[in-house]
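Have a look at the structure below before the remarks.
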Amino acid sequence: MKQRVITAVIALAIFIPILLAGGIWLEVAAAALAMVGVFEIYIMRKRIIVSIDFIITILGTLALAVPLNFYKGWMPTGFSRLDILYIFVVLLLMVTVFTKNKFNFEDAAISAITMVYVGIGFHYLASVRNSRAGLGLLLFALIVVWSTDIFAYTFGRKIGKHKLWPAISPNKTWEGTIAGIICALIFSGIYMIFVPQKYPMIDMLMIAFVLSIFGQIGDLIESAYKRFYKVKDSGNILPGHGGILDRFDSMLIVLPMLHIFGLV
């Protein structure tokens with residue numbers, strides 16, 4: 001517990017000033033976190049880090065993570081993230097040829113999913129903060145995710161009896177899940193009294209409801225691939241807390257959804 005607290009304090013001391021500063025600082029931080037996320041997935045897969053497919057996956061992830069204005073002036077007009085993704089997927093498929101299937105089609109598919117999952121997820125960490133809605137919207141998302149996580153865990157341990165999805169995450173319960181959603185609605189509602197958002201309160205509470213659910217799904221997604229790769233944590237960069245993907249699993253799903261809901 002002491003180690004967890006120390007790590008949390010140090011991480012917050014670094015993360016909060018960057019979050020407040022926004023701009024290029026958060027864009028660089030998001031890109032760095034994305035790189036670590038790819039590294040963790042490759043380690044879980046027991047893939048060689050010093051390899052052409054790792055380099056392509058890292059570059060593809062970074063290409064998706066950085067803002068589109070990064071490409072202005074040296075990319076064709078109308079160049080989109082789909083075009084970027086296509087280029088790197090083709091490069092991965094070329095590796096299957098040149099390695100004579102030592103790196104195969106399934107490996108390329110996993111690397112492509114990694115680029116989208118990690119790259120787009122961390123892209124919106126900076127994109128939301130640097131949007132017109134800015135820090136207020138990002139804090140809204142963080143409150144939904146953190147209150148869901150904290151109270152789902154707390155109530156799940158105290159009163160949880162009915163397992164949510166034991167094949168994937170044995171410790172999660174329906175009681176904890178429901179409590180997490182309710183608390184997310186309460187705390188996000190209180191927050192919006194002081195920091196109004198783009199849509200009316202009732203609409204934002206409906207969005208908070210959906211985000212709370214998908215935040216927990218993001219947690220289950222990470223549990224699923226960790227169970228598949230037979231690892232307890234995605235990494236050990238954060239002593240007592242695991243890896244970067246362990247800390248951002250919910251956010252990687254929730255943040256892009258803010259764009260889907262038209263908030264960014």
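Note on naming: chains are A, B, ... as they come in the structure tokens, residues start from 1 per chain, ligands start from 1 in the order shown.
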(request) Quick one: pick out all strand (DSSP E) residues within region 86-179 of chain A from a backbone DSSP run and write them as a list in words. (result)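 Filtering region 86-179 of chain A down to strand (DSSP E) leaves Lys163, Leu164, Trp165, Ser169, Pro170, Asn171, Lys172 and Thr173 of chain A.
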(request) Quick one: everything within 9 Å of Glu40 (chain A), counting only C-alpha atoms, minus sequence neighbours fewer than 5 positions away in the same chain. Send it as a list of chain:residue names. (result)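 Returned residues: A:Met35, A:Arg45, A:Ser234, A:Gly235, A:Gly243, A:Ile244, A:Leu245.
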Could you dump the residues just selected with N, CA, C and O atoms as a compact mmCIF listing (two decimals), in the first residue's frame?
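Dumped everything to selection_6.txt:
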```
# COMPACT_ATOMS: atom_id res chain seq x y z
N MET A 35 3.73 5.42 -26.76
CA MET A 35 4.91 4.58 -27.04
C MET A 35 5.07 3.51 -25.95
O MET A 35 5.34 2.34 -26.26
N ARG A 45 3.04 -9.87 -25.42
CA ARG A 45 2.99 -10.84 -26.53
C ARG A 45 4.29 -11.62 -26.66
O ARG A 45 4.38 -12.54 -27.47
N SER A 234 -0.06 -5.04 -17.14
CA SER A 234 0.43 -4.76 -18.48
C SER A 234 1.91 -4.41 -18.47
O SER A 234 2.60 -4.53 -19.48
N GLY A 235 2.41 -3.95 -17.32
CA GLY A 235 3.82 -3.59 -17.19
C GLY A 235 4.15 -3.30 -15.75
O GLY A 235 3.33 -3.55 -14.85
N GLY A 243 1.21 -1.15 -15.20
CA GLY A 243 1.73 -0.41 -16.34
C GLY A 243 0.85 0.76 -16.75
O GLY A 243 -0.19 1.03 -16.12
N ILE A 244 1.24 1.42 -17.81
CA ILE A 244 0.48 2.56 -18.33
C ILE A 244 -0.91 2.12 -18.78
O ILE A 244 -1.90 2.79 -18.53
N LEU A 245 -0.99 0.98 -19.46
CA LEU A 245 -2.29 0.51 -19.93
C LEU A 245 -3.20 0.14 -18.76
O LEU A 245 -4.43 0.24 -18.88
```
Long-range neighbours of region 110-125 of chain A as a compact mmCIF listing (two decimals) with C-alpha atoms, in the first residue's frame, 7 Å cut-off, only C-alpha atoms, 5 positions minimum in chain:
```txt
# COMPACT_ATOMS: atom_id res chain seq x y z
CA ALA A 30 0.41 11.67 -24.79
CA ALA A 34 1.37 5.85 -26.39
CA GLY A 37 1.59 1.39 -24.28
CA VAL A 38 2.88 -0.25 -27.48
CA THR A 57 3.85 -0.17 -34.99
CA GLY A 60 2.05 4.17 -36.78
CA THR A 61 0.85 4.68 -33.23
CA LEU A 62 2.67 8.00 -32.95
CA LEU A 64 -2.25 8.49 -35.03
CA ALA A 65 -1.53 10.02 -31.62
CA VAL A 66 -0.21 13.40 -32.79
CA VAL A 89 -1.07 -1.39 -42.24
CA LEU A 252 -8.54 4.76 -24.01
CA ILE A 253 -12.19 3.88 -24.68
CA LEU A 255 -11.92 9.75 -24.49
CA PRO A 256 -12.61 8.93 -28.18
```
(message) Under the rule that only C-alpha atoms are counted, which of A:Lys158, A:Lys163, A:Tyr199, A:Trp146 is the nearest residue to Ala184 (chain A)?
(response)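 So, comparing all the options, the nearest one is A:Trp146.
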(message) I need the residue nearest Leu135 (chain A) from this list: A:Gly22, A:Gly218, A:Gly180, A:Gly262. Use only C-alpha atoms for the distance.
(response)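 Counting only C-alpha atoms, the residue closest to Leu135 (chain A) is A:Gly22.
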(message) Calculated over only C-alpha atoms, which of the candidates A:Phe79, A:Phe248, A:Phe15, A:Tyr153 has the smallest distance to Ile221 (chain A)?
(response)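 Of A:Phe79, A:Phe248, A:Phe15, A:Tyr153, the one nearest Ile221 (chain A) is A:Phe248, counting only C-alpha atoms.
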(message) Counting only C-alpha atoms, which residue out of A:Leu211, A:Ala167, A:Leu139, A:Ala126 sits closest to Leu33 (chain A)?
(response)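 Result for the nearest residue to Leu33 (chain A): A:Ala126.
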(request) May I have the residues within 8 Å of Thr148 (chain A) as a list in words, using only C-alpha atoms and disregarding those fewer than 3 positions away in the same chain? (result)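 These residues fall inside the cut-off: Val144, Val145, Phe151, Ala152, Thr177, Ala179, Gly180, Ile181, Cys183, Ala184, Ser212, Gly215 and Gln216 of chain A.
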(request) Using only C-alpha atoms, find the one residue out of A:Met44, A:Ala133, A:Leu258, A:Met251 that sits nearest to Arg227 (chain A). (result)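 For Arg227 (chain A), the nearest of the candidates is A:Met44.
Among the candidate residues A:Leu19, A:Ile182, A:Leu220, A:Ala32, the one lying nearest to Met206 (chain A) is A:Ile182, with distances computed using only C-alpha atoms.
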(message) Just want the 12 Å neighbourhood of region 98-102 of chain A, counted on only C-alpha atoms, with same-chain residues fewer than 4 positions away dropped. Output as a ChimeraX atom specification.
(response) /A:47-48,51-53,91-94,106-108
Could you turn the residues from that selection into a file that holds all heavy atoms, as a compact mmCIF listing (two decimals), in the first residue's frame?
```txt
# COMPACT_ATOMS: atom_id res chain seq x y z
N ARG A 47 6.96 -10.52 -27.97
CA ARG A 47 7.52 -10.20 -29.27
C ARG A 47 8.85 -9.49 -29.09
O ARG A 47 9.08 -8.79 -28.10
CB ARG A 47 6.58 -9.29 -30.06
CG ARG A 47 5.28 -9.93 -30.48
CD ARG A 47 5.44 -10.94 -31.57
NE ARG A 47 6.10 -10.38 -32.74
CZ ARG A 47 6.42 -11.09 -33.82
NH1 ARG A 47 6.14 -12.39 -33.86
NH2 ARG A 47 7.00 -10.53 -34.85
N ILE A 48 9.73 -9.60 -30.07
CA ILE A 48 11.02 -8.94 -30.03
C ILE A 48 10.83 -7.43 -30.21
O ILE A 48 10.17 -6.99 -31.17
CB ILE A 48 11.95 -9.49 -31.12
CG1 ILE A 48 12.21 -10.98 -30.89
CG2 ILE A 48 13.27 -8.74 -31.14
CD1 ILE A 48 12.98 -11.65 -32.00
N SER A 51 12.77 -4.93 -33.66
CA SER A 51 12.31 -5.58 -34.89
C SER A 51 11.65 -4.55 -35.78
O SER A 51 11.19 -3.51 -35.32
CB SER A 51 11.32 -6.71 -34.56
OG SER A 51 10.17 -6.18 -33.91
N ILE A 52 11.55 -4.85 -37.05
CA ILE A 52 10.97 -3.92 -38.01
C ILE A 52 9.49 -3.72 -37.73
O ILE A 52 8.96 -2.62 -37.87
CB ILE A 52 11.21 -4.39 -39.46
CG1 ILE A 52 10.72 -3.33 -40.46
CG2 ILE A 52 10.55 -5.74 -39.72
CD1 ILE A 52 11.44 -2.01 -40.38
N ASP A 53 8.79 -4.78 -37.33
CA ASP A 53 7.35 -4.64 -37.08
C ASP A 53 7.09 -3.77 -35.84
O ASP A 53 6.12 -3.01 -35.80
CB ASP A 53 6.67 -6.00 -36.94
CG ASP A 53 7.23 -6.84 -35.82
OD1 ASP A 53 8.30 -7.44 -36.00
OD2 ASP A 53 6.59 -6.92 -34.76
N LEU A 91 2.48 -1.35 -44.70
CA LEU A 91 3.87 -1.62 -44.33
C LEU A 91 3.97 -2.90 -43.50
O LEU A 91 4.89 -3.71 -43.70
CB LEU A 91 4.44 -0.43 -43.55
CG LEU A 91 4.71 0.84 -44.35
CD1 LEU A 91 5.13 1.98 -43.43
CD2 LEU A 91 5.78 0.60 -45.43
N LEU A 92 3.04 -3.08 -42.57
CA LEU A 92 3.04 -4.30 -41.76
C LEU A 92 2.80 -5.53 -42.62
O LEU A 92 3.44 -6.57 -42.43
CB LEU A 92 1.95 -4.22 -40.68
CG LEU A 92 2.22 -3.26 -39.53
CD1 LEU A 92 0.97 -3.09 -38.67
CD2 LEU A 92 3.37 -3.76 -38.65
N LEU A 93 1.91 -5.42 -43.59
CA LEU A 93 1.64 -6.54 -44.49
C LEU A 93 2.86 -6.85 -45.35
O LEU A 93 3.13 -8.02 -45.69
CB LEU A 93 0.43 -6.24 -45.36
CG LEU A 93 -0.91 -6.16 -44.62
CD1 LEU A 93 -2.02 -5.73 -45.57
CD2 LEU A 93 -1.26 -7.50 -43.97
N MET A 94 3.61 -5.83 -45.72
CA MET A 94 4.85 -6.05 -46.49
C MET A 94 5.86 -6.82 -45.66
O MET A 94 6.61 -7.66 -46.20
CB MET A 94 5.44 -4.71 -46.91
CG MET A 94 4.63 -4.01 -47.99
SD MET A 94 5.18 -2.30 -48.30
CE MET A 94 6.87 -2.58 -48.83
N GLU A 106 -1.72 -12.62 -38.83
CA GLU A 106 -2.34 -12.41 -37.51
C GLU A 106 -1.51 -11.42 -36.68
O GLU A 106 -2.06 -10.59 -35.96
CB GLU A 106 -2.48 -13.74 -36.77
CG GLU A 106 -3.54 -14.65 -37.38
CD GLU A 106 -3.72 -15.94 -36.59
OE1 GLU A 106 -3.01 -16.12 -35.58
OE2 GLU A 106 -4.55 -16.77 -37.00
N ASP A 107 -0.20 -11.53 -36.76
CA ASP A 107 0.68 -10.57 -36.06
C ASP A 107 0.43 -9.15 -36.57
O ASP A 107 0.37 -8.20 -35.78
CB ASP A 107 2.15 -10.93 -36.28
CG ASP A 107 2.53 -12.25 -35.62
OD1 ASP A 107 1.99 -12.55 -34.55
OD2 ASP A 107 3.36 -12.97 -36.20
N ALA A 108 0.28 -9.03 -37.88
CA ALA A 108 0.03 -7.71 -38.47
C ALA A 108 -1.31 -7.15 -37.99
O ALA A 108 -1.43 -5.94 -37.72
CB ALA A 108 0.04 -7.80 -40.00
```
(request) Write down as a ChimeraX atom specification the residues belonging to region 49-222 of chain A that are assigned helix (DSSP H, G or I) by DSSP computed on the backbone. (result) /A:52-65,68-71,81-98,105-129,134-159,174-194,201-222
(message) For a test of reading the model, state the distance in Å between CA of Asp249 (chain A) and CA of Asp233 (chain A), rounded to one decimal.
(response)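 Spanning CA of Asp249 (chain A) to CA of Asp233 (chain A) is a straight-line distance of 11.6 Å.
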(request) Could you jot down the CA of Ser188 (chain A) to CA of Pro67 (chain A) separation for me, Å, one decimal place? (result)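 Atom-to-atom, CA of Ser188 (chain A) and CA of Pro67 (chain A) are spaced 27.9 Å apart.
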